[in-house]
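Let me begin by presenting the structure, written as structure tokens, before commenting on it.
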Amino acid sequence: MGPWRLTLNNSYRHVIQCHVTRHVTPARRYVIPHSQASYSIRDHQFVFDAVMVEREEFIRKYQDVVRPLFKNEDQGLSPIISRLKEIVSYNTAGGKLNRGCAVVYTAQLLGCQDKFKATVLGWCIEMLQGFLLVADDIMDHSEMRRGQPCWYKKVGLTAINDSLLLESSVFELLKYHLGTEPYYVKCLELFLDVTRKTELGQALDLEVEALDYSQYTRERYDAIVIYKTAYYSFYLPVALAMHLAGRDSVHELECAKKILLRIGHYFQVQDDYLDCYGDPGVIGKVGTDIQEKKCSWLFLTAMESVTEEDRQILMENYGKNDVECVSMVKELYKKYEIRQKYLDFSAETYASVCSDINNDKSGLPSEIFQDFLDKIHKRSK
């Protein structure tokens with residue numbers, strides 16, 4: 001039996017139209033309760049992506065969330081306030097919005113009724129992401145981001161200050177929308193803590209370029225990906241929703257962190273893979289990890305696999321912004337089947353994390369973790 005294609009009927013959000021692409025009867029309609037995350041049709045199990053169902057509504061609330069940033073009480077600031085709208089829009093609203101939507105989805109799973117506050121926290125994460133990406137693109141000399149020129153390519157190095165404006169906007173919105181809430185300080189401290197961790201991870205990553213290849217280790221790689229990516233991309237959305245819903249005991253937060261950081265690590269390994277093997281038209285940028293001498297999963301795996309002779313060739317060609325050198329590195333990746341080693345790692349990691357989720361003792365809904373994992377598993381961008 002062929003695959004099922006699911007299409008959201010925008011006129012009625014709870015009705016899912018299922019089209020079978022081959023070997024079966026014409027399209028049928030199924031009414032799915034909004035809270036139901038999974039269901040079976042003819043022995044096919046589907047996980048309904050509730051995050052994507054809410055994405056449209058999340059986007060609609062964007063203007064309501066960010067409007068306070070543009071209230072100008074000092075006429076002397078009028079020129080920059082006008083420009084701030086473009087800075088925020090260009091660098092915040094154009095991504096996949098997975099992190100922001102995850103706050104809303106998780107909060108609902110935990111029984112939180114205040115959807116707007118969850119949406120505010122979600123957009124704050126997206127704005128934090130914008131700040132980090134603008135700065136990261138400058139440091140990495142990147143050309144494209146999300147299918148369009150990097151912000152600094154449009155405005156020059158004033159993008160450095162623009163990134164700081166994005167960062168400060170996060171805390172301005174938190175104070176404006178949540179300042180009187182009992183969980184405000186917890187959310188504020190969490191944003192501060194995770195931002196610092198992410199910046200430390202970025203510092204670790206930037207330091208790599210000056211290192212000898214003998215200092216490229218799994219331990220360093222793990223530290224980079226956990227601090228640079230996993231905390232803000234996976235732990236932050238869920239922990240914010242937990243604070244919002246009042247499900248934030250030390251035990252619950254620690255159990256959630258353990259699983260989410262593992263998922264975040266898996267996500268970054270995927271990013272390393274896509275940087276080399278992904279379609280630039282799909283992922284929205286041209287991979288540059290080889291040229292930039294990144295401490296990537298692919299390079300570390302290759303270094304563990306090659307002969308002494310090929311290790312020397314790999315080290316001589318890695319980290320050079322030269323087409324022939326990049327081609328030589330990729331040839332070695334092919335020779336030692338690094339792509340297949342990644343696919344094996346992916347399958348093993350998915351099974352292992354699924355086991356962790358099944359054995360979790362936090363009492364939190366397992367969908368929080370399983371949906372995150374399923375969303376990134378076998379992704380192409």
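Here's how to read the names in the structure tokens: chain A, B, ... by the order shown, residue numbers from 1 in each chain, ligand numbers from 1 in the order shown.
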Do you know which residues are at most 9 Å from Leu206 in chain A counting only C-alpha atoms, after dropping those on the same chain fewer than 3 positions away, and could you put them as an mmCIF file with N, CA and C atoms, in the first residue's frame?
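Wrote it out as around-v1.cif, contents follow:
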```cif
data_model
loop_
_atom_site.group_PDB
_atom_site.id
_atom_site.type_symbol
_atom_site.label_atom_id
_atom_site.label_comp_id
_atom_site.auth_asym_id
_atom_site.auth_seq_id
_atom_site.Cartn_x
_atom_site.Cartn_y
_atom_site.Cartn_z
ATOM 1 N N MET A 139 30.102 35.904 11.671
ATOM 2 C CA MET A 139 31.328 35.209 12.087
ATOM 3 C C MET A 139 31.720 34.103 11.122
ATOM 4 N N ASP A 140 30.717 33.450 10.508
ATOM 5 C CA ASP A 140 30.987 32.347 9.581
ATOM 6 C C ASP A 140 31.120 32.813 8.130
ATOM 7 N N GLY A 201 28.772 28.113 23.924
ATOM 8 C CA GLY A 201 28.895 27.103 22.880
ATOM 9 C C GLY A 201 29.447 27.684 21.596
ATOM 10 N N GLN A 202 29.001 28.892 21.253
ATOM 11 C CA GLN A 202 29.519 29.571 20.066
ATOM 12 C C GLN A 202 31.007 29.878 20.224
ATOM 13 N N ALA A 203 31.405 30.275 21.430
ATOM 14 C CA ALA A 203 32.819 30.560 21.691
ATOM 15 C C ALA A 203 33.662 29.298 21.515
ATOM 16 N N GLU A 209 38.901 26.791 15.064
ATOM 17 C CA GLU A 209 39.699 27.121 13.884
ATOM 18 C C GLU A 209 41.189 27.255 14.195
ATOM 19 N N ALA A 210 41.507 27.635 15.429
ATOM 20 C CA ALA A 210 42.910 27.824 15.806
ATOM 21 C C ALA A 210 43.536 26.562 16.394
ATOM 22 N N LYS A 294 35.283 23.251 10.520
ATOM 23 C CA LYS A 294 34.420 22.976 11.654
ATOM 24 C C LYS A 294 34.736 21.625 12.293
#
```
Practice item. Output as a PyMOL selection string all residues of range 134-328 of chain A that backbone DSSP marks as strand (DSSP E or B). Key: chain A and resi 144-145+148-149
Just write the chosen residues, C-alpha atoms, as a compact mmCIF listing (two decimals), in the first residue's frame.
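File again-v9.txt, as written:
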```txt
# COMPACT_ATOMS: atom_id res chain seq x y z
CA MET A 144 22.47 32.77 2.52
CA ARG A 145 20.07 32.15 5.38
CA GLN A 148 17.62 34.82 1.25
CA PRO A 149 20.83 36.87 1.68
```
Pull the closest atom pair for each residue of range 56-119 of chain A that gets at most 10 Å from range 170-194 of chain A, along with the distance in Å to one decimal, counting only C-alpha atoms, ordering rows by chain and then ascending residue number, as a Markdown table.
```
| residue | atom | partner | partner_atom | distance |
| --- | --- | --- | --- | --- |
| A:Val65 | CA | A:Leu173 | CA | 7.6 |
| A:Val66 | CA | A:Leu173 | CA | 7.2 |
| A:Arg67 | CA | A:Leu173 | CA | 9.2 |
| A:Pro68 | CA | A:Leu173 | CA | 7.2 |
| A:Leu69 | CA | A:Leu173 | CA | 7.3 |
| A:Phe116 | CA | A:His177 | CA | 9.5 |
| A:Lys117 | CA | A:Leu178 | CA | 7.4 |
```
With only C-alpha atoms counted and 8 Å as the cut-off, give the residues of range 282-368 of chain A in contact with range 257-272 of chain A, each with its shortest interatomic distance in Å and the pair that gives it, as a Markdown table.
```
| residue | atom | partner | partner_atom | distance |
| --- | --- | --- | --- | --- |
| A:Asp289 | CA | A:Asp272 | CA | 7.6 |
| A:Ser296 | CA | A:Asp272 | CA | 6.0 |
| A:Trp297 | CA | A:Val269 | CA | 6.0 |
| A:Leu298 | CA | A:Asp272 | CA | 6.8 |
| A:Ser346 | CA | A:Tyr266 | CA | 7.6 |
| A:Thr349 | CA | A:Tyr266 | CA | 7.2 |
| A:Val353 | CA | A:Ile259 | CA | 7.2 |
| A:Asp356 | CA | A:Ile259 | CA | 7.0 |
| A:Ile357 | CA | A:Ile259 | CA | 7.2 |
```
Go ahead and save the picked residues with N, CA and C atoms, as a PDB file, in the first residue's frame.
```pdb
ATOM      1  N   ASP A 289      30.956  23.911   6.127  1.00  0.00           N
ATOM      2  CA  ASP A 289      31.677  23.349   7.278  1.00  0.00           C
ATOM      3  C   ASP A 289      33.084  22.894   6.920  1.00  0.00           C
ATOM      4  N   SER A 296      33.150  18.959  12.992  1.00  0.00           N
ATOM      5  CA  SER A 296      31.860  18.364  12.647  1.00  0.00           C
ATOM      6  C   SER A 296      31.858  16.861  12.888  1.00  0.00           C
ATOM      7  N   TRP A 297      30.666  16.311  12.989  1.00  0.00           N
ATOM      8  CA  TRP A 297      30.510  14.871  13.207  1.00  0.00           C
ATOM      9  C   TRP A 297      31.110  14.095  12.037  1.00  0.00           C
ATOM     10  N   LEU A 298      30.929  14.591  10.826  1.00  0.00           N
ATOM     11  CA  LEU A 298      31.441  13.894   9.650  1.00  0.00           C
ATOM     12  C   LEU A 298      32.964  13.834   9.672  1.00  0.00           C
ATOM     13  N   SER A 346      22.006   7.509  12.841  1.00  0.00           N
ATOM     14  CA  SER A 346      20.663   8.075  12.922  1.00  0.00           C
ATOM     15  C   SER A 346      19.657   7.044  13.406  1.00  0.00           C
ATOM     16  N   THR A 349      20.405   6.113  17.097  1.00  0.00           N
ATOM     17  CA  THR A 349      20.056   7.195  18.017  1.00  0.00           C
ATOM     18  C   THR A 349      18.557   7.308  18.183  1.00  0.00           C
ATOM     19  N   VAL A 353      16.782   6.980  21.821  1.00  0.00           N
ATOM     20  CA  VAL A 353      16.018   8.070  22.427  1.00  0.00           C
ATOM     21  C   VAL A 353      14.573   7.643  22.650  1.00  0.00           C
ATOM     22  N   ASP A 356      14.534   5.903  25.841  1.00  0.00           N
ATOM     23  CA  ASP A 356      14.588   6.857  26.955  1.00  0.00           C
ATOM     24  C   ASP A 356      13.216   7.469  27.222  1.00  0.00           C
ATOM     25  N   ILE A 357      12.509   7.796  26.157  1.00  0.00           N
ATOM     26  CA  ILE A 357      11.171   8.396  26.307  1.00  0.00           C
ATOM     27  C   ILE A 357      10.220   7.401  26.959  1.00  0.00           C
TER      28      ILE A 357
END
```
Practice item. Point out the residue among A:Pro280, A:Gly122, A:Gly130, A:Gly246 with the least atom-to-atom distance to Gly147 in chain A, counting only C-alpha atoms. Key: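 For Gly147 in chain A, the nearest of the given residues is A:Pro280.
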Check your understanding: Near range 212-217 of chain A, counting only C-alpha atoms, which residues have an atom at most 12 Å away, once you skip same-chain residues fewer than 3 positions from it, shown as a list of chain:residue names?
Key ->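 Listed by chain and then number, they are A:Leu204, A:Asp205, A:Glu207, A:Val208, A:Glu209, A:Arg220, A:Tyr221, A:Asp222, A:Ala223, A:Ile224, A:Lys293, A:Lys294, A:Cys295, A:Ser296, A:Trp297, A:Leu298, A:Phe299, A:Leu300, A:Thr301, A:Ala302, A:Met303, A:Glu304, A:Arg311, A:Gln312, A:Leu314, A:Met315, A:Glu316, A:Tyr318, A:Gly319.
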Written file, previous selection with C-alpha atoms, as a compact mmCIF listing (two decimals), in the first residue's frame:
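Dumped to result33.txt:
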```
# COMPACT_ATOMS: atom_id res chain seq x y z
CA LEU A 204 33.86 26.90 21.81
CA ASP A 205 32.95 26.54 18.13
CA GLU A 207 37.96 28.57 18.99
CA VAL A 208 38.19 25.38 16.93
CA GLU A 209 39.70 27.12 13.88
CA ARG A 220 34.74 18.95 22.50
CA TYR A 221 32.17 18.25 19.80
CA ASP A 222 29.57 17.18 22.35
CA ALA A 223 30.15 20.32 24.40
CA ILE A 224 29.80 22.54 21.33
CA LYS A 293 37.39 23.80 9.45
CA LYS A 294 34.42 22.98 11.65
CA CYS A 295 34.69 20.31 14.30
CA SER A 296 31.86 18.36 12.65
CA TRP A 297 30.51 14.87 13.21
CA LEU A 298 31.44 13.89 9.65
CA PHE A 299 35.06 14.98 10.02
CA LEU A 300 35.48 13.29 13.40
CA THR A 301 33.97 10.07 12.05
CA ALA A 302 36.26 10.20 9.03
CA MET A 303 39.33 10.77 11.21
CA GLU A 304 38.41 7.66 13.19
CA ARG A 311 44.40 10.93 7.43
CA GLN A 312 47.27 13.08 6.23
CA LEU A 314 42.27 14.70 4.93
CA MET A 315 44.10 17.09 7.26
CA GLU A 316 45.91 18.77 4.36
CA TYR A 318 40.21 20.20 5.35
CA GLY A 319 39.66 23.82 6.33
```
Check your understanding: Quick one: of A:Ile160, A:Val120, A:Leu128, A:Val238, who's nearest to Ala102 in chain A, counting only C-alpha atoms?
Key -> A:Val238
Check your understanding: Using only C-alpha atoms, which residues sit within 8 Å of range 77-89 of chain A once same-chain residues fewer than 5 positions away are excluded, as a list of chain:residue names?
Key ->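 After dropping sequence-adjacent residues, the list is A:Phe70, A:Asn72, A:Gly94, A:Met127, A:Gly130, A:Asp162, A:Leu165, A:Leu166.
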Point to revise | From A:Gln75, A:Gln113, A:Ser305, A:Thr288, residue lying nearest Glu337 in chain A [only C-alpha atoms] | key: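 Of the candidates, the smallest distance to Glu337 in chain A is held by A:Ser305.
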Practice item. Could you check how far CA of Val250 in chain A sits from CA of Asp374 in chain A, in Å to one decimal? Key: 26.1 Å
**Study point:** In range 28-161 of chain A, DSSP helix (DSSP H, G or I) residues written as a PyMOL selection string
**Key:** chain A and resi 50-60+62-70+75-92+98-109+115-140+151-161
Kindly export the residues of the current selection with C-alpha atoms, as a tab-separated table (two decimals), in the first residue's frame.
```tsv
chain	number	residue	atom	x	y	z
A	50	ALA	CA	-0.01	19.47	15.97
A	51	VAL	CA	2.79	22.02	15.86
A	52	MET	CA	2.12	22.61	12.16
A	53	VAL	CA	-1.62	22.83	12.75
A	54	GLU	CA	-1.00	25.76	15.06
A	55	ARG	CA	1.69	27.42	12.91
A	56	GLU	CA	-0.79	29.53	10.98
A	57	GLU	CA	-2.35	30.88	14.16
A	58	PHE	CA	1.09	31.46	15.65
A	59	ILE	CA	2.02	33.62	12.66
A	60	ARG	CA	-1.25	35.57	12.91
A	62	TYR	CA	3.04	37.96	15.43
A	63	GLN	CA	1.97	41.60	15.11
A	64	ASP	CA	0.15	41.55	18.45
A	65	VAL	CA	3.27	40.18	20.15
A	66	VAL	CA	5.90	42.51	18.64
A	67	ARG	CA	3.85	45.73	18.45
A	68	PRO	CA	5.13	47.04	21.84
A	69	LEU	CA	8.67	47.17	20.40
A	70	PHE	CA	7.65	49.93	18.03
A	75	GLN	CA	10.74	61.28	18.76
A	76	GLY	CA	14.50	61.30	18.51
A	77	LEU	CA	14.37	57.52	18.08
A	78	SER	CA	11.87	57.61	15.18
A	79	PRO	CA	14.40	56.75	12.43
A	80	ILE	CA	15.69	53.62	14.19
A	81	ILE	CA	12.23	52.49	15.33
A	82	SER	CA	11.17	52.40	11.69
A	83	ARG	CA	14.27	50.40	10.82
A	84	LEU	CA	13.77	48.09	13.79
A	85	LYS	CA	10.55	46.82	12.20
A	86	GLU	CA	12.54	45.60	9.21
A	87	ILE	CA	15.28	44.11	11.39
A	88	VAL	CA	12.76	42.12	13.41
A	89	SER	CA	10.65	41.03	10.45
A	90	TYR	CA	13.56	39.98	8.22
A	91	ASN	CA	15.36	37.99	10.90
A	92	THR	CA	12.50	36.60	12.98
A	98	ASN	CA	9.52	25.07	15.10
A	99	ARG	CA	10.91	26.38	18.39
A	100	GLY	CA	8.20	28.97	18.85
A	101	CYS	CA	5.34	26.67	17.91
A	102	ALA	CA	6.77	24.02	20.25
A	103	VAL	CA	6.15	26.30	23.25
A	104	VAL	CA	2.46	26.62	22.35
A	105	TYR	CA	2.07	22.92	21.64
A	106	THR	CA	3.85	21.83	24.81
A	107	ALA	CA	1.90	24.27	26.96
A	108	GLN	CA	-1.34	22.85	25.62
A	109	LEU	CA	-0.22	19.29	26.32
A	115	LYS	CA	-2.40	30.40	24.65
A	116	PHE	CA	-1.40	34.01	24.03
A	117	LYS	CA	1.24	33.98	26.77
A	118	ALA	CA	2.62	30.76	25.28
A	119	THR	CA	2.68	32.49	21.88
A	120	VAL	CA	4.61	35.42	23.37
A	121	LEU	CA	7.23	33.06	24.76
A	122	GLY	CA	7.39	31.30	21.40
A	123	TRP	CA	8.06	34.51	19.50
A	124	CYS	CA	10.67	35.49	22.10
A	125	ILE	CA	12.54	32.28	21.24
A	126	GLU	CA	12.26	33.05	17.53
A	127	MET	CA	13.67	36.52	18.20
A	128	LEU	CA	16.52	35.01	20.22
A	129	GLN	CA	17.14	32.69	17.29
A	130	GLY	CA	17.24	35.71	14.97
A	131	PHE	CA	19.85	37.41	17.16
A	132	LEU	CA	22.02	34.29	17.24
A	133	LEU	CA	21.80	33.67	13.49
A	134	VAL	CA	22.62	37.26	12.49
A	135	ALA	CA	25.75	37.14	14.64
A	136	ASP	CA	26.63	33.59	13.54
A	137	ASP	CA	26.37	34.46	9.85
A	138	ILE	CA	28.79	37.37	10.28
A	139	MET	CA	31.33	35.21	12.09
A	140	ASP	CA	30.99	32.35	9.58
A	151	TRP	CA	21.22	40.23	6.99
A	152	TYR	CA	24.80	41.53	7.09
A	153	LYS	CA	25.00	41.04	3.32
A	154	LYS	CA	22.17	43.57	3.01
A	155	VAL	CA	23.25	46.15	5.58
A	156	GLY	CA	26.95	45.60	6.24
A	157	LEU	CA	28.49	45.43	9.69
A	158	THR	CA	25.73	47.53	11.26
A	159	ALA	CA	24.21	44.04	11.49
A	160	ILE	CA	26.34	43.55	14.62
A	161	ASN	CA	24.36	46.21	16.47
```
